[in-house]
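Student: Coordinates in protein_38.csv, CSV, C-alpha atoms, are listed below.
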```csv
chain,number,residue,atom,x,y,z
A,1,MET,CA,68.2,3.2,32.3
A,2,LEU,CA,66.6,1.9,35.5
A,3,PHE,CA,63.7,4.3,35.0
A,4,SER,CA,63.1,3.0,31.5
A,5,ILE,CA,63.0,-0.6,32.7
A,6,CYS,CA,60.6,0.3,35.5
A,7,MET,CA,58.3,2.1,33.1
A,8,LEU,CA,58.4,-0.8,30.7
A,9,CYS,CA,57.5,-3.3,33.4
A,10,GLY,CA,54.7,-1.0,34.6
A,11,PHE,CA,53.1,-1.0,31.1
A,12,CYS,CA,53.6,-4.7,30.5
A,13,ILE,CA,52.4,-6.3,33.7
A,14,PRO,CA,48.8,-5.1,33.5
A,15,THR,CA,48.4,-6.4,29.9
A,16,ILE,CA,50.1,-9.7,30.6
A,17,TYR,CA,48.6,-10.6,34.0
A,18,ALA,CA,45.1,-9.0,33.6
A,19,GLN,CA,43.5,-12.3,32.4
A,20,GLU,CA,40.6,-13.3,34.5
A,21,LEU,CA,39.3,-16.4,32.7
A,22,GLY,CA,40.9,-19.2,30.7
A,23,ILE,CA,39.4,-22.0,28.6
A,24,LYS,CA,41.6,-25.1,28.1
A,25,THR,CA,42.0,-28.6,26.7
A,26,ASN,CA,44.3,-31.3,27.9
A,27,ILE,CA,46.2,-32.5,24.9
A,28,LEU,CA,47.2,-35.8,26.6
A,29,TYR,CA,43.5,-36.6,27.1
A,30,ASP,CA,42.7,-35.6,23.5
A,31,ALA,CA,45.4,-38.1,22.4
A,32,THR,CA,43.4,-40.9,24.2
A,33,THR,CA,40.2,-39.9,22.4
A,34,THR,CA,38.9,-38.3,25.5
A,35,PRO,CA,37.3,-34.9,24.8
A,36,ASN,CA,37.8,-32.5,27.7
A,37,LEU,CA,37.1,-28.9,28.6
A,38,GLY,CA,38.5,-26.8,31.5
A,39,LEU,CA,37.7,-23.4,32.8
A,40,GLU,CA,40.1,-21.5,35.0
A,41,LEU,CA,39.0,-18.3,36.8
A,42,GLY,CA,41.4,-15.8,38.4
A,43,THR,CA,40.2,-15.1,42.0
A,44,ALA,CA,43.2,-13.1,43.3
A,45,PRO,CA,46.5,-12.0,41.9
A,46,LYS,CA,48.1,-15.3,42.9
A,47,GLN,CA,45.0,-17.6,42.9
A,48,THR,CA,42.8,-19.4,40.4
A,49,LEU,CA,40.0,-21.9,40.5
A,50,GLN,CA,39.7,-24.5,37.8
A,51,LEU,CA,36.9,-27.0,36.8
A,52,THR,CA,37.6,-29.6,34.2
A,53,TYR,CA,35.2,-32.2,32.6
A,54,SER,CA,36.4,-35.1,30.5
A,55,TRP,CA,34.2,-37.7,28.8
A,56,ASN,CA,35.1,-40.7,26.7
A,57,PRO,CA,32.0,-42.4,25.2
A,58,TRP,CA,33.8,-44.6,22.7
A,59,LYS,CA,33.7,-48.3,22.3
A,60,PHE,CA,36.5,-49.4,19.9
A,61,SER,CA,35.5,-53.1,19.6
A,62,ASP,CA,33.6,-55.8,21.5
A,63,THR,CA,36.7,-56.2,23.8
A,64,LYS,CA,38.2,-52.7,23.9
A,65,GLN,CA,36.6,-49.7,25.4
A,66,LEU,CA,37.7,-46.7,27.5
A,67,ARG,CA,34.4,-45.3,28.5
A,68,HIS,CA,34.5,-42.8,31.4
A,69,TRP,CA,33.6,-39.4,32.6
A,70,ILE,CA,35.5,-37.3,35.2
A,71,LEU,CA,34.8,-34.0,36.9
A,72,SER,CA,37.7,-32.3,38.6
A,73,PRO,CA,37.7,-29.0,40.5
A,74,GLU,CA,41.1,-27.5,41.5
A,75,TYR,CA,42.4,-24.6,43.6
A,76,ARG,CA,45.7,-23.2,42.5
A,77,TRP,CA,48.2,-20.9,44.2
A,78,TRP,CA,50.7,-19.3,41.9
A,79,PHE,CA,54.3,-18.4,42.9
A,80,CYS,CA,54.4,-15.1,41.0
A,81,HIS,CA,51.2,-14.2,39.1
A,82,ARG,CA,48.3,-16.2,38.0
A,83,PHE,CA,48.5,-17.8,34.5
A,84,ASN,CA,52.3,-17.5,34.5
A,85,GLY,CA,55.0,-19.7,35.9
A,86,HIS,CA,55.0,-22.2,38.7
A,87,PHE,CA,51.9,-23.2,40.7
A,88,LEU,CA,50.7,-25.6,43.4
A,89,GLY,CA,47.2,-26.9,43.5
A,90,ALA,CA,44.8,-29.1,45.4
A,91,HIS,CA,42.4,-31.1,43.2
A,92,ALA,CA,39.4,-33.4,43.8
A,93,LEU,CA,37.9,-35.7,41.2
A,94,GLY,CA,35.1,-38.1,40.8
A,95,GLY,CA,33.6,-40.1,37.9
A,96,GLN,CA,32.5,-43.4,36.5
A,97,PHE,CA,34.2,-45.8,34.2
A,98,ASN,CA,33.6,-48.9,32.0
A,99,VAL,CA,36.9,-50.0,30.7
A,100,SER,CA,38.3,-53.2,29.0
A,101,GLY,CA,41.0,-54.3,26.7
A,102,VAL,CA,43.3,-51.4,27.5
A,103,LYS,CA,47.0,-51.4,28.2
A,104,LEU,CA,47.9,-48.6,30.7
A,105,PRO,CA,51.4,-47.2,31.0
A,106,PHE,CA,53.9,-48.2,33.6
A,107,GLY,CA,52.1,-51.6,34.1
A,108,ILE,CA,49.2,-50.0,36.0
A,109,TRP,CA,46.2,-52.3,36.4
A,110,LYS,CA,47.5,-55.1,34.1
A,111,SER,CA,44.3,-57.2,34.2
A,112,LEU,CA,42.5,-54.4,32.2
A,113,ARG,CA,43.9,-56.2,29.1
A,114,ASP,CA,41.8,-59.3,29.6
A,115,HIS,CA,38.8,-58.2,31.8
A,116,ARG,CA,36.2,-55.4,32.0
A,117,TYR,CA,35.9,-53.1,35.0
A,118,GLN,CA,32.8,-51.0,35.6
A,119,GLY,CA,32.3,-48.7,38.6
A,120,TRP,CA,33.0,-45.3,40.1
A,121,MET,CA,35.8,-43.4,41.7
A,122,VAL,CA,36.3,-40.4,44.0
A,123,GLY,CA,39.4,-38.8,45.4
A,124,GLY,CA,41.9,-35.9,45.4
A,125,GLY,CA,45.4,-34.9,45.6
A,126,ILE,CA,48.0,-32.2,45.1
A,127,THR,CA,49.3,-30.7,41.8
A,128,TYR,CA,52.4,-29.1,40.7
A,129,GLY,CA,52.6,-27.3,37.3
A,130,TYR,CA,54.0,-24.6,35.1
A,131,GLN,CA,52.5,-22.3,32.5
A,132,TRP,CA,54.3,-20.6,29.7
A,133,ILE,CA,53.0,-17.5,28.0
A,134,LEU,CA,52.9,-18.0,24.3
A,135,SER,CA,51.2,-14.8,23.3
A,136,LYS,CA,48.7,-12.3,24.7
A,137,HIS,CA,45.9,-14.9,24.7
A,138,TRP,CA,47.6,-18.3,24.5
A,139,ASN,CA,49.4,-20.3,27.2
A,140,LEU,CA,50.8,-23.8,27.4
A,141,GLU,CA,50.6,-25.7,30.7
A,142,ALA,CA,52.2,-28.8,32.1
A,143,SER,CA,51.0,-30.3,35.3
A,144,LEU,CA,51.2,-33.5,37.3
A,145,GLY,CA,49.1,-34.6,40.3
A,146,VAL,CA,49.5,-37.3,42.9
A,147,GLY,CA,46.9,-38.3,45.5
A,148,TYR,CA,44.3,-40.8,46.6
A,149,LEU,CA,41.4,-42.5,44.9
A,150,ARG,CA,38.6,-44.7,46.3
A,151,LEU,CA,37.4,-47.1,43.6
A,152,ASN,CA,34.2,-49.2,43.8
A,153,TYR,CA,33.9,-51.6,40.8
A,154,LYS,CA,32.7,-54.8,39.4
A,155,LYS,CA,35.1,-57.1,37.4
A,156,PHE,CA,33.7,-59.0,34.4
A,157,LEU,CA,35.2,-61.8,32.3
A,158,CYS,CA,35.2,-59.9,29.0
A,159,GLY,CA,34.2,-56.7,27.2
A,160,ASP,CA,30.4,-56.9,26.5
A,161,CYS,CA,29.6,-60.4,27.7
A,162,GLY,CA,30.8,-62.5,30.6
A,163,GLU,CA,29.7,-63.1,34.1
A,164,GLU,CA,30.6,-60.9,37.0
A,165,LEU,CA,33.8,-62.3,38.6
A,166,ASP,CA,34.2,-59.9,41.5
A,167,HIS,CA,33.0,-56.8,43.2
A,168,ARG,CA,35.6,-54.8,45.0
A,169,LYS,CA,36.4,-51.5,46.7
A,170,ARG,CA,40.0,-50.5,46.3
A,171,ASN,CA,42.2,-47.7,47.6
A,172,TYR,CA,44.8,-46.3,45.2
A,173,VAL,CA,47.7,-43.9,46.0
A,174,GLY,CA,49.7,-42.6,43.1
A,175,PRO,CA,49.4,-40.4,40.0
A,176,THR,CA,45.9,-38.9,39.7
A,177,LYS,CA,46.5,-36.3,37.1
A,178,ALA,CA,48.7,-35.6,34.1
A,179,ALA,CA,48.2,-32.7,31.7
A,180,ILE,CA,49.8,-30.8,28.9
A,181,SER,CA,47.1,-28.2,28.2
A,182,LEU,CA,46.6,-25.4,25.7
A,183,LEU,CA,44.8,-22.4,27.1
A,184,TYR,CA,43.0,-19.4,25.6
A,185,LEU,CA,42.9,-16.5,28.0
A,186,PHE,CA,40.2,-13.8,28.0
```
For this file, write the structure as structure tokens.

Tutor:
Amino acid sequence: MLFSICMLCGFCIPTIYAQELGIKTNILYDATTTPNLGLELGTAPKQTLQLTYSWNPWKFSDTKQLRHWILSPEYRWWFCHRFNGHFLGAHALGGQFNVSGVKLPFGIWKSLRDHRYQGWMVGGGITYGYQWILSKHWNLEASLGVGYLRLNYKKFLCGDCGEELDHRKRNYVGPTKAAISLLYLF
């Protein structure tokens, strides 16, 4: 019996964990009309590197827009094998934004509802996540990151028009990443 289990594991592990590259999309970003694409490359049995790009070019009205782009590299260390189970990561991110008329969750940045903010951000943090194997080529991932962002922005009275009210640099500490991603593994 023990011999049979060992043989079964020996045949399954190479086919399950042999993936070298995954392509993914963050379903949470998709829900905010932000197209995104991520590539994750296996670099060692318990390590991967990921690069994600998201871009939202949409203007919903004269007073509501969520325009931004974000580039985010991440190093991941997996507890067992890459592309399966728990992982810890270190991520960086940078991008630009032009946002107005938006209500963010948890009361974050309440003045976005009545003002427009335009600027850039850069930062990084740590990530915890988990991946579930759905089939030979498909995985589902959930991850959350916390960290630091440095923001440099201008505040305007309204969406398109309005005078510049302020120019600030702000330090932010808190959530920097949230993802529920669907992956296709090669």

Student: For a test of reading the model, state the distance in Å between atom CA of Arg170 of chain A and atom CA of Lys155 of chain A, rounded to one decimal.

Tutor: 12.1 Å

Student: In Å, rounded to a single decimal, give me how far atom CA of Ile108 of chain A is from atom CA of Pro175 of chain A.

Tutor: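 Distance between the two atoms: 10.4 Å.
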
Student: With only C-alpha atoms as the basis for distance, which of A:Val102, A:Ala179, A:Ile27, A:Leu21 is at the shortest distance from Cys158 of chain A?

Tutor: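 Closest to Cys158 of chain A of all the choices is A:Val102.
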
Student: I'd like the interatomic distance between atom CA of Arg76 of chain A and atom CA of Phe186 of chain A, to a tenth of an Å.

Tutor: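 These atoms are spaced 18.1 Å apart.
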
Student: Just want the 12 Å neighbourhood of Asn56 of chain A, counted on all atoms listed in the file, with same-chain residues fewer than 3 positions away dropped. Output as a PyMOL selection string.

Tutor: chain A and resi 29-36+53+59-60+65-70+95-99

Student: Please produce a file of the residues just selected, as a PDB file, in the coordinates of the input, where the atoms kept are C-alpha atoms.

Tutor:
```pdb
ATOM      1  CA  TYR A  29      43.500 -36.600  27.100  1.00  0.00           C
ATOM      2  CA  ASP A  30      42.700 -35.600  23.500  1.00  0.00           C
ATOM      3  CA  ALA A  31      45.400 -38.100  22.400  1.00  0.00           C
ATOM      4  CA  THR A  32      43.400 -40.900  24.200  1.00  0.00           C
ATOM      5  CA  THR A  33      40.200 -39.900  22.400  1.00  0.00           C
ATOM      6  CA  THR A  34      38.900 -38.300  25.500  1.00  0.00           C
ATOM      7  CA  PRO A  35      37.300 -34.900  24.800  1.00  0.00           C
ATOM      8  CA  ASN A  36      37.800 -32.500  27.700  1.00  0.00           C
ATOM      9  CA  TYR A  53      35.200 -32.200  32.600  1.00  0.00           C
ATOM     10  CA  LYS A  59      33.700 -48.300  22.300  1.00  0.00           C
ATOM     11  CA  PHE A  60      36.500 -49.400  19.900  1.00  0.00           C
ATOM     12  CA  GLN A  65      36.600 -49.700  25.400  1.00  0.00           C
ATOM     13  CA  LEU A  66      37.700 -46.700  27.500  1.00  0.00           C
ATOM     14  CA  ARG A  67      34.400 -45.300  28.500  1.00  0.00           C
ATOM     15  CA  HIS A  68      34.500 -42.800  31.400  1.00  0.00           C
ATOM     16  CA  TRP A  69      33.600 -39.400  32.600  1.00  0.00           C
ATOM     17  CA  ILE A  70      35.500 -37.300  35.200  1.00  0.00           C
ATOM     18  CA  GLY A  95      33.600 -40.100  37.900  1.00  0.00           C
ATOM     19  CA  GLN A  96      32.500 -43.400  36.500  1.00  0.00           C
ATOM     20  CA  PHE A  97      34.200 -45.800  34.200  1.00  0.00           C
ATOM     21  CA  ASN A  98      33.600 -48.900  32.000  1.00  0.00           C
ATOM     22  CA  VAL A  99      36.900 -50.000  30.700  1.00  0.00           C
TER      23      VAL A  99
END
```

Student: Using all atoms listed in the file, which protein or nucleic acid residues come within 7 Å of Asn84 of chain A? Drop anything in the same chain fewer than 3 positions from it, and give the result as a list in words.

Tutor: His81, Gln131, Trp132 and Ile133 of chain A

Student: For a cut-off of 7 Å around (38.2, -23.8, 40.3), file coordinates, pick out all residues using all atoms listed in the file and list them as JSON, numbers by chain.

Tutor: {"A": [40, 41, 48, 49, 50, 51, 73, 74, 75]}

Student: Rank A:Leu104, A:Leu157, A:Val122, A:Leu28 by their smallest atom-to-atom distance to Glu141 of chain A, using all atoms listed in the file, and report the top residue only.

Tutor: A:Leu28

Student: Set the distance at 7 Å and use only C-alpha atoms: which residues neighbour Tyr128 of chain A once local chain neighbours fewer than 5 positions away are removed? I'd like the list as a PyMOL selection string.

Tutor: chain A and resi 87-89+143-145

Student: Would you mind listing what lies within 10 Å of Ser135 of chain A as a list in words, with only C-alpha atoms counted and same-chain residues fewer than 2 positions away left out?

Tutor: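 So the residues in contact are Ile16, Trp132, Ile133, His137, Trp138, Asn139, Leu140, Tyr184 and Leu185 of chain A.
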
Student: Output C-alpha atoms for every residue in that selection, as a compact mmCIF listing (two decimals), keeping the file's coordinate frame.

Tutor:
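Saved as out09.txt:
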```txt
# COMPACT_ATOMS: atom_id res chain seq x y z
CA ILE A 16 50.10 -9.70 30.60
CA TRP A 132 54.30 -20.60 29.70
CA ILE A 133 53.00 -17.50 28.00
CA HIS A 137 45.90 -14.90 24.70
CA TRP A 138 47.60 -18.30 24.50
CA ASN A 139 49.40 -20.30 27.20
CA LEU A 140 50.80 -23.80 27.40
CA TYR A 184 43.00 -19.40 25.60
CA LEU A 185 42.90 -16.50 28.00
```

Student: Report as a PyMOL selection string all protein, DNA and RNA residues lying within 8 Å of Gly101 of chain A, evaluated on only C-alpha atoms, omitting residues in the same chain fewer than 2 positions from it.

Tutor: chain A and resi 63-65+99+103+112-116+159

Student: Emit as AutoDock Vina command-line options the padded axis-aligned box for all listed atoms of segment 155-169 of chain A, 8 Å per side, with centre and edge lengths in Å to one decimal.

Tutor:
```
--center_x 33.0 --center_y -57.3 --center_z 36.6 --size_x 22.8 --size_y 27.6 --size_z 36.2
```

Student: Considering all atoms listed in the file, state which residue in the set A:Leu93, A:Ala178, A:Ile126, A:Leu151 is at the smallest distance from Thr52 of chain A.

Tutor: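 Going through A:Leu93, A:Ala178, A:Ile126, A:Leu151 one by one, the smallest distance to Thr52 of chain A is for A:Leu93.
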
Student: Which residue is closest to Ala92 of chain A? Choose from A:Pro45, A:Gly129, A:Gly162, A:Gly123 and count only C-alpha atoms.

Tutor: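 Answer, going by the shortest atom-to-atom distance: A:Gly123.
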
Student: Counting all atoms listed in the file, which residue out of A:Lys46, A:Arg150, A:His91, A:Lys110 sits closest to Phe79 of chain A?

Tutor: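 Going through A:Lys46, A:Arg150, A:His91, A:Lys110 one by one, the smallest distance to Phe79 of chain A is for A:Lys46.
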